[in-house]
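K.L.:
You'll find upload.cif just under this line, and it carries mmCIF, C-alpha atoms.
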data_data
loop_
_atom_site.label_atom_id
_atom_site.label_comp_id
_atom_site.auth_asym_id
_atom_site.auth_seq_id
_atom_site.Cartn_x
_atom_site.Cartn_y
_atom_site.Cartn_z
CA ILE W 109 120.75 85.22 84.00
CA THR W 110 122.41 84.00 80.81
CA SER W 111 119.16 82.50 79.55
CA ALA W 112 117.26 85.69 80.28
CA ILE W 113 119.85 87.78 78.44
CA SER W 114 119.76 85.40 75.47
CA VAL W 115 115.95 85.53 75.24
CA SER W 116 115.87 89.32 75.54
CA MET W 117 118.50 89.72 72.83
CA TYR W 118 116.66 87.30 70.55
CA SER W 119 113.46 89.32 70.99
CA SER W 120 114.97 92.82 70.79
CA THR W 121 117.52 92.28 68.01
CA PRO W 122 114.98 92.50 65.12
CA LEU W 123 113.62 95.78 66.50
CA LEU W 124 117.11 97.23 66.94
CA VAL W 125 118.11 96.11 63.44
CA SER W 126 115.00 97.70 61.95
CA LEU W 127 115.55 100.99 63.79
CA ALA W 128 119.22 101.09 62.82
CA THR W 129 118.44 100.29 59.17
CA PHE W 130 115.66 102.88 58.87
CA GLY W 131 117.75 105.51 60.67
CA ALA W 132 120.76 104.93 58.45
CA TYR W 133 118.56 104.96 55.33
CA THR W 134 116.94 108.25 56.35
CA LEU W 135 119.95 110.13 57.75
CA ILE W 136 122.80 108.99 55.52
CA GLY W 137 120.95 108.61 52.25
CA GLN W 138 118.61 111.55 53.01
CA ASN W 139 115.83 109.55 51.38
CA HIS W 140 112.15 109.69 52.21
CA LEU W 141 110.88 106.54 53.92
CA ASP W 142 107.29 105.76 53.08
CA VAL W 143 104.98 103.10 54.47
CA ALA W 144 105.42 100.65 51.57
CA GLN W 145 109.20 100.61 51.90
CA ALA W 146 109.00 100.23 55.67
CA LEU W 147 106.53 97.31 55.52
CA THR W 148 108.57 95.58 52.79
CA ALA W 149 111.75 95.93 54.85
CA LEU W 150 110.03 94.62 57.99
CA ALA W 151 108.73 91.59 56.09
CA LEU W 152 112.21 90.91 54.72
CA PHE W 153 113.73 91.20 58.20
CA ASP W 154 111.16 88.76 59.55
CA ILE W 155 111.97 86.25 56.77
CA LEU W 156 115.71 86.52 57.42
CA ARG W 157 115.34 86.28 61.18
CA PHE W 158 115.18 82.48 61.49
CA PRO W 159 117.90 81.63 58.90
CA LEU W 160 120.31 84.12 60.50
CA PHE W 161 119.51 82.69 63.92
CA MET W 162 120.20 79.13 62.74
CA LEU W 163 123.36 79.96 60.77
CA PRO W 164 125.80 79.74 63.74
CA GLN W 165 124.28 76.42 64.82
CA ILE W 166 124.56 75.03 61.29
CA ILE W 167 128.23 76.03 61.13
CA ASN W 168 128.81 74.40 64.51
CA ARG W 169 127.12 71.18 63.35
CA ILE W 170 129.20 71.11 60.17
CA ILE W 171 132.42 71.45 62.19
CA GLU W 172 131.32 68.69 64.60
CA ALA W 173 130.42 66.43 61.67
CA SER W 174 133.82 66.97 60.02
CA ILE W 175 135.59 66.12 63.30
CA SER W 176 133.45 62.99 63.70
CA PHE W 177 134.18 61.86 60.14
CA GLU W 178 137.91 62.36 60.73
CA ARG W 179 137.77 60.25 63.90
CA VAL W 180 135.88 57.50 62.10
CA ARG W 181 138.39 57.61 59.24
CA LYS W 182 141.34 57.24 61.63
CA PHE W 183 139.59 54.38 63.41
CA LEU W 184 138.87 52.50 60.17
CA LEU W 185 142.44 53.03 58.90
CA ALA W 186 144.04 51.98 62.19
CA GLU W 187 145.95 48.71 62.38
CA GLU W 188 144.04 45.61 63.34
CA TYR W 189 144.17 44.46 66.95
CA GLN W 190 146.68 41.67 67.46
CA HIS W 191 145.33 39.06 69.85
CA VAL W 192 147.72 37.95 72.59
CA GLY W 193 148.41 34.24 72.32
CA GLU W 194 148.09 31.65 75.08
CA GLY W 195 151.56 30.18 74.66
CA ALA W 196 152.17 27.20 76.94
CA LEU W 197 149.76 28.34 79.67
CA GLU W 198 147.29 25.71 80.82
CA GLN W 199 144.79 27.39 83.17
CA ASN W 200 142.55 30.40 82.63
CA GLY W 201 143.66 33.54 84.41
CA GLU W 202 147.37 32.97 83.95
CA ILE W 203 149.69 35.68 82.58
CA PHE W 204 153.32 35.23 81.61
CA ILE W 205 155.81 37.91 80.55
CA ASN W 206 159.49 37.24 80.04
CA ASN W 207 161.95 40.02 79.19
CA GLY W 208 159.04 42.18 78.03
CA THR W 209 159.89 45.35 76.16
CA PHE W 210 156.91 47.25 74.77
CA VAL W 211 156.41 50.39 72.77
CA TYR W 212 153.45 52.52 71.70
CA ASP W 213 153.32 52.93 67.95
CA SER W 214 151.44 56.18 68.55
CA LYS W 215 154.85 57.75 69.25
CA LYS W 216 155.85 57.08 65.67
CA PRO W 217 156.15 60.35 63.73
CA THR W 218 153.79 60.88 60.83
CA LEU W 219 153.90 62.96 57.68
CA LEU W 220 152.17 66.32 57.85
CA GLU W 221 150.03 67.40 54.95
CA GLU W 222 150.60 70.85 53.60
CA GLU W 223 147.73 73.10 52.58
CA GLY W 224 148.29 72.41 48.90
CA GLU W 225 148.45 68.65 49.45
CA LYS W 226 145.04 68.50 51.12
CA LYS W 227 143.36 69.15 47.77
CA LYS W 228 142.76 66.07 45.68
CA LYS W 229 144.91 65.73 42.63
CA GLY W 230 143.93 63.61 39.68
CA GLY W 231 145.67 62.15 36.71
CA ILE W 232 149.36 61.38 36.43
CA ARG W 233 150.29 64.18 38.82
CA GLY W 234 148.07 62.71 41.52
CA LEU W 235 149.52 59.23 41.05
CA MET W 236 153.06 60.58 41.26
CA HIS W 237 152.17 62.46 44.42
CA GLN W 238 150.67 59.31 46.02
CA GLN W 239 153.71 57.23 45.05
CA ALA W 240 156.09 59.82 46.50
CA ARG W 241 154.08 59.94 49.71
CA MET W 242 154.07 56.14 50.01
CA MET W 243 157.86 56.12 49.61
CA GLN W 244 158.19 58.78 52.30
CA GLU W 245 155.96 56.79 54.66
CA ALA W 246 157.98 53.62 54.02
CA GLN W 247 161.20 55.51 54.74
CA LEU W 248 159.67 56.95 57.90
CA ASN W 249 158.62 53.49 59.09
CA GLN W 250 162.12 52.18 58.42
CA GLN W 251 163.65 55.02 60.44
CA TRP W 252 161.20 54.28 63.27
CA GLU W 253 162.16 50.60 63.40
CA MET W 254 165.85 51.52 63.31
CA ALA W 255 165.31 53.94 66.18
CA LEU W 256 163.65 51.20 68.23
CA LEU W 257 166.54 48.81 67.56
CA ARG W 258 169.05 51.47 68.57
CA ALA W 259 167.13 52.16 71.76
CA GLN W 260 167.10 48.44 72.58
CA LEU W 261 170.84 48.22 71.88
CA ILE W 262 171.58 51.19 74.15
CA ASP W 263 169.42 49.75 76.91
CA ALA W 264 171.07 46.34 76.62
CA GLU W 265 174.61 47.77 76.74
CA ASN W 266 173.73 49.95 79.73
CA THR W 267 172.36 46.89 81.51
CA ILE W 268 175.49 44.86 80.70
CA ALA W 269 177.67 47.68 82.03
CA LYS W 270 175.73 47.78 85.29
CA LEU W 271 175.81 44.00 85.74
CA SER W 272 179.53 43.77 85.02
CA ASP W 273 180.27 46.45 87.68
CA THR W 274 182.59 48.20 85.25
CA GLY W 275 180.44 51.23 84.78
CA THR W 276 181.72 51.67 81.25
CA ILE W 277 179.88 51.57 77.93
CA SER W 278 181.35 50.84 74.55
CA SER W 279 182.31 53.73 72.32
CA HIS W 280 179.76 52.62 69.72
CA SER W 281 176.99 53.04 72.25
CA MET W 282 178.35 56.38 73.41
CA LEU W 283 178.12 57.71 69.87
CA MET W 284 174.40 56.92 69.78
CA ASP W 285 173.66 57.85 73.41
CA GLU W 286 175.25 61.23 74.01
CA ASN W 287 172.06 62.41 75.72
CA GLU W 288 170.39 59.31 77.08
CA GLU W 289 167.50 61.08 78.76
CA GLY W 290 166.77 63.54 75.97
CA GLY W 291 168.13 61.97 72.81
CA ASP W 292 165.95 60.87 69.94
CA PHE W 293 167.03 57.23 70.34
CA SER W 294 167.16 57.08 74.15
CA PRO W 295 165.36 54.12 75.76
CA SER W 296 163.53 56.47 78.12
CA SER W 297 161.96 58.36 75.22
CA LEU W 298 161.09 55.45 72.92
CA LEU W 299 160.66 52.28 74.98
CA SER W 300 157.53 52.54 77.11
CA LEU W 301 158.36 49.45 79.17
CA ARG W 302 161.71 47.68 79.41
CA ARG W 303 162.80 44.17 80.44
CA VAL W 304 159.73 43.21 82.50
CA THR W 305 159.46 39.64 83.73
CA MET W 306 156.42 38.48 85.68
CA GLN W 307 154.10 35.51 86.04
CA VAL W 308 150.59 35.55 87.45
CA LYS W 309 148.94 32.24 88.28
CA LYS W 310 145.27 31.45 88.62
CA GLY W 311 143.72 32.83 91.81
CA GLU W 312 146.56 35.21 92.63
CA PHE W 313 145.84 38.82 93.59
CA VAL W 314 148.57 41.12 92.26
CA ALA W 315 148.93 44.85 92.94
CA VAL W 316 151.25 46.96 90.78
CA VAL W 317 152.47 49.94 92.80
CA GLY W 318 154.59 52.83 91.56
CA GLY W 319 154.86 56.55 91.06
CA VAL W 320 153.36 58.62 88.29
CA GLY W 321 154.85 57.61 84.94
CA ALA W 322 156.40 54.41 86.29
CA GLY W 323 154.62 52.28 83.70
CA LYS W 324 151.65 50.80 85.58
CA SER W 325 149.10 51.62 82.88
CA THR W 326 151.57 50.60 80.17
CA LEU W 327 151.95 47.19 81.79
CA ILE W 328 148.18 46.66 81.80
CA ASN W 329 147.89 47.88 78.20
CA SER W 330 150.67 45.54 77.15
CA ILE W 331 148.87 42.59 78.69
CA LEU W 332 145.73 43.65 76.83
CA GLY W 333 147.68 43.79 73.56
CA GLU W 334 147.60 47.59 73.21
CA GLY W 335 151.39 47.87 73.41
CA ARG W 336 153.55 46.34 70.67
CA PRO W 337 156.05 43.78 72.02
CA LEU W 338 159.52 44.11 70.55
CA THR W 339 162.01 41.43 69.60
CA GLY W 340 162.85 39.09 72.47
CA THR W 341 159.58 39.60 74.34
CA GLU W 342 157.59 36.57 75.47
CA LEU W 343 153.96 37.37 76.28
CA ALA W 344 151.16 34.89 76.91
CA VAL W 345 147.68 35.36 78.36
CA LYS W 346 145.08 32.63 78.81
CA GLY W 347 141.43 33.32 79.49
CA THR W 348 139.14 36.31 79.21
CA LEU W 349 140.38 39.70 80.37
CA GLY W 350 138.47 42.62 81.86
CA THR W 351 139.76 46.06 82.71
CA PHE W 352 138.57 49.31 84.26
CA VAL W 353 140.33 52.14 82.48
CA GLN W 354 141.28 55.44 84.11
CA SER W 355 139.27 57.47 81.62
CA PRO W 356 135.56 57.17 82.50
CA PHE W 357 133.13 56.44 79.70
CA ILE W 358 129.49 55.50 79.30
CA LEU W 359 127.70 53.67 76.51
CA ASN W 360 124.69 55.17 74.77
CA ASP W 361 122.55 52.36 76.18
CA THR W 362 120.64 51.30 79.26
CA VAL W 363 122.17 51.16 82.73
CA ARG W 364 121.90 47.36 82.64
CA ASN W 365 123.97 47.08 79.44
CA ASN W 366 126.50 49.60 80.77
CA ILE W 367 127.10 47.24 83.68
CA LEU W 368 126.91 43.87 81.89
CA PHE W 369 128.29 44.98 78.47
CA GLY W 370 125.83 42.71 76.69
CA HIS W 371 126.69 39.59 78.71
CA ALA W 372 124.07 37.45 80.39
CA PRO W 373 123.56 38.27 84.08
CA ILE W 374 125.05 35.92 86.65
CA SER W 375 122.45 33.92 88.54
CA LYS W 376 122.23 34.15 92.29
CA ASN W 377 123.03 30.42 92.59
CA GLY W 378 126.34 30.96 90.76
#
Show this structure as structure tokens.
P.N.:
Amino acid sequence: ITSAISVSMYSSTPLLVSLATFGAYTLIGQNHLDVAQALTALALFDILRFPLFMLPQIINRIIEASISFERVRKFLLAEEYQHVGEGALEQNGEIFINNGTFVYDSKKPTLLEEEGEKKKKGGIRGLMHQQARMMQEAQLNQQWEMALLRAQLIDAENTIAKLSDTGTISSHSMLMDENEEGGDFSPSSLLSLRRVTMQVKKGEFVAVVGGVGAGKSTLINSILGEGRPLTGTELAVKGTLGTFVQSPFILNDTVRNNILFGHAPISKNG
């Protein structure tokens, strides 16, 4: 039905536009419409028909291209992937985490550009603007690192209080943790994974079970190196890793390469 309506509108719109134009020219202007004017107008409408039809699609393509360029720019400016070291592990397939605390740097706040700042500025004024922005970004990064250290301190003092069976926290920690679950420096809001210790040996089958938001995906991402380990974290992985992410995706390639990812197929004899 939608296709039929679209085709009918595409075919009838030039006729309706011509009738409306000629009627408005005759009735409002009270001018005499002769054959030469009518044929000239019809020829002009026919010339403008295709460009006006393609204009919305061109605008849509321009918007899609700008979004794609922005994604590519963010990807190229992103930090380089930090490979997870092997540590003291000896066999492939082994994973070791000791006192692992991880955080996603994507939670770090960024500077928002105002409408006037989006325009390029040249000369001394532009250099001063870039220098001021770099100083603001450095200050923002420093505040982010301080917030992570405060969250680790709060988490450590809470753990000490629980282990000592006193149930009390120092006054210094209370000043920074008035609202532990909703504060800006609370461990629950900044630290994606806290104090995880695990060891997986070669040949073991391990299942991580938990509720929604318990940190299962964060644990896998941390092993893959997607989560940044904080001070005191020991992480070691030996061997090649493979993962099936929750978000489905498909490569713009053959079915064979989507399954093998460019690797040589395994022979039947092993």
K.L.:
Please list as a ChimeraX atom specification every residue within 9 Å of Gly201 (chain W), counting only C-alpha atoms and excluding residues in the same chain fewer than 4 positions away.
P.N.:
/W:308-312,345-349
K.L.:
In Å, with one decimal, what is the gap from CA of Glu202 (chain W) to CA of Ser355 (chain W)?
P.N.:
25.9 Å
K.L.:
Specify as a list of chain:residue names each residue included when the PyMOL selection byres ((chain W and resi 331-339) around 7) is applied to this file.
P.N.:
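In the shown coordinates, the PyMOL selection byres ((chain W and resi 331-339) around 7) covers W:Gln190, W:His191, W:Val192, W:Gly208, W:Thr209, W:Phe210, W:Val211, W:Tyr212, W:Leu327, W:Ile328, W:Asn329, W:Ser330, W:Gly340, W:Thr341.
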K.L.:
Quick one: pull the distance between CA of Ser114 (chain W) and CA of Phe161 (chain W), Å, one decimal.
P.N.:
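For CA of Ser114 (chain W) relative to CA of Phe161 (chain W), the distance reads 11.9 Å.
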K.L.:
Work out how far CA of Ile203 (chain W) is from CA of Pro356 (chain W), in Å to one decimal.
P.N.:
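We find that CA of Pro356 (chain W) and CA of Ile203 (chain W) lie 25.7 Å from each other.
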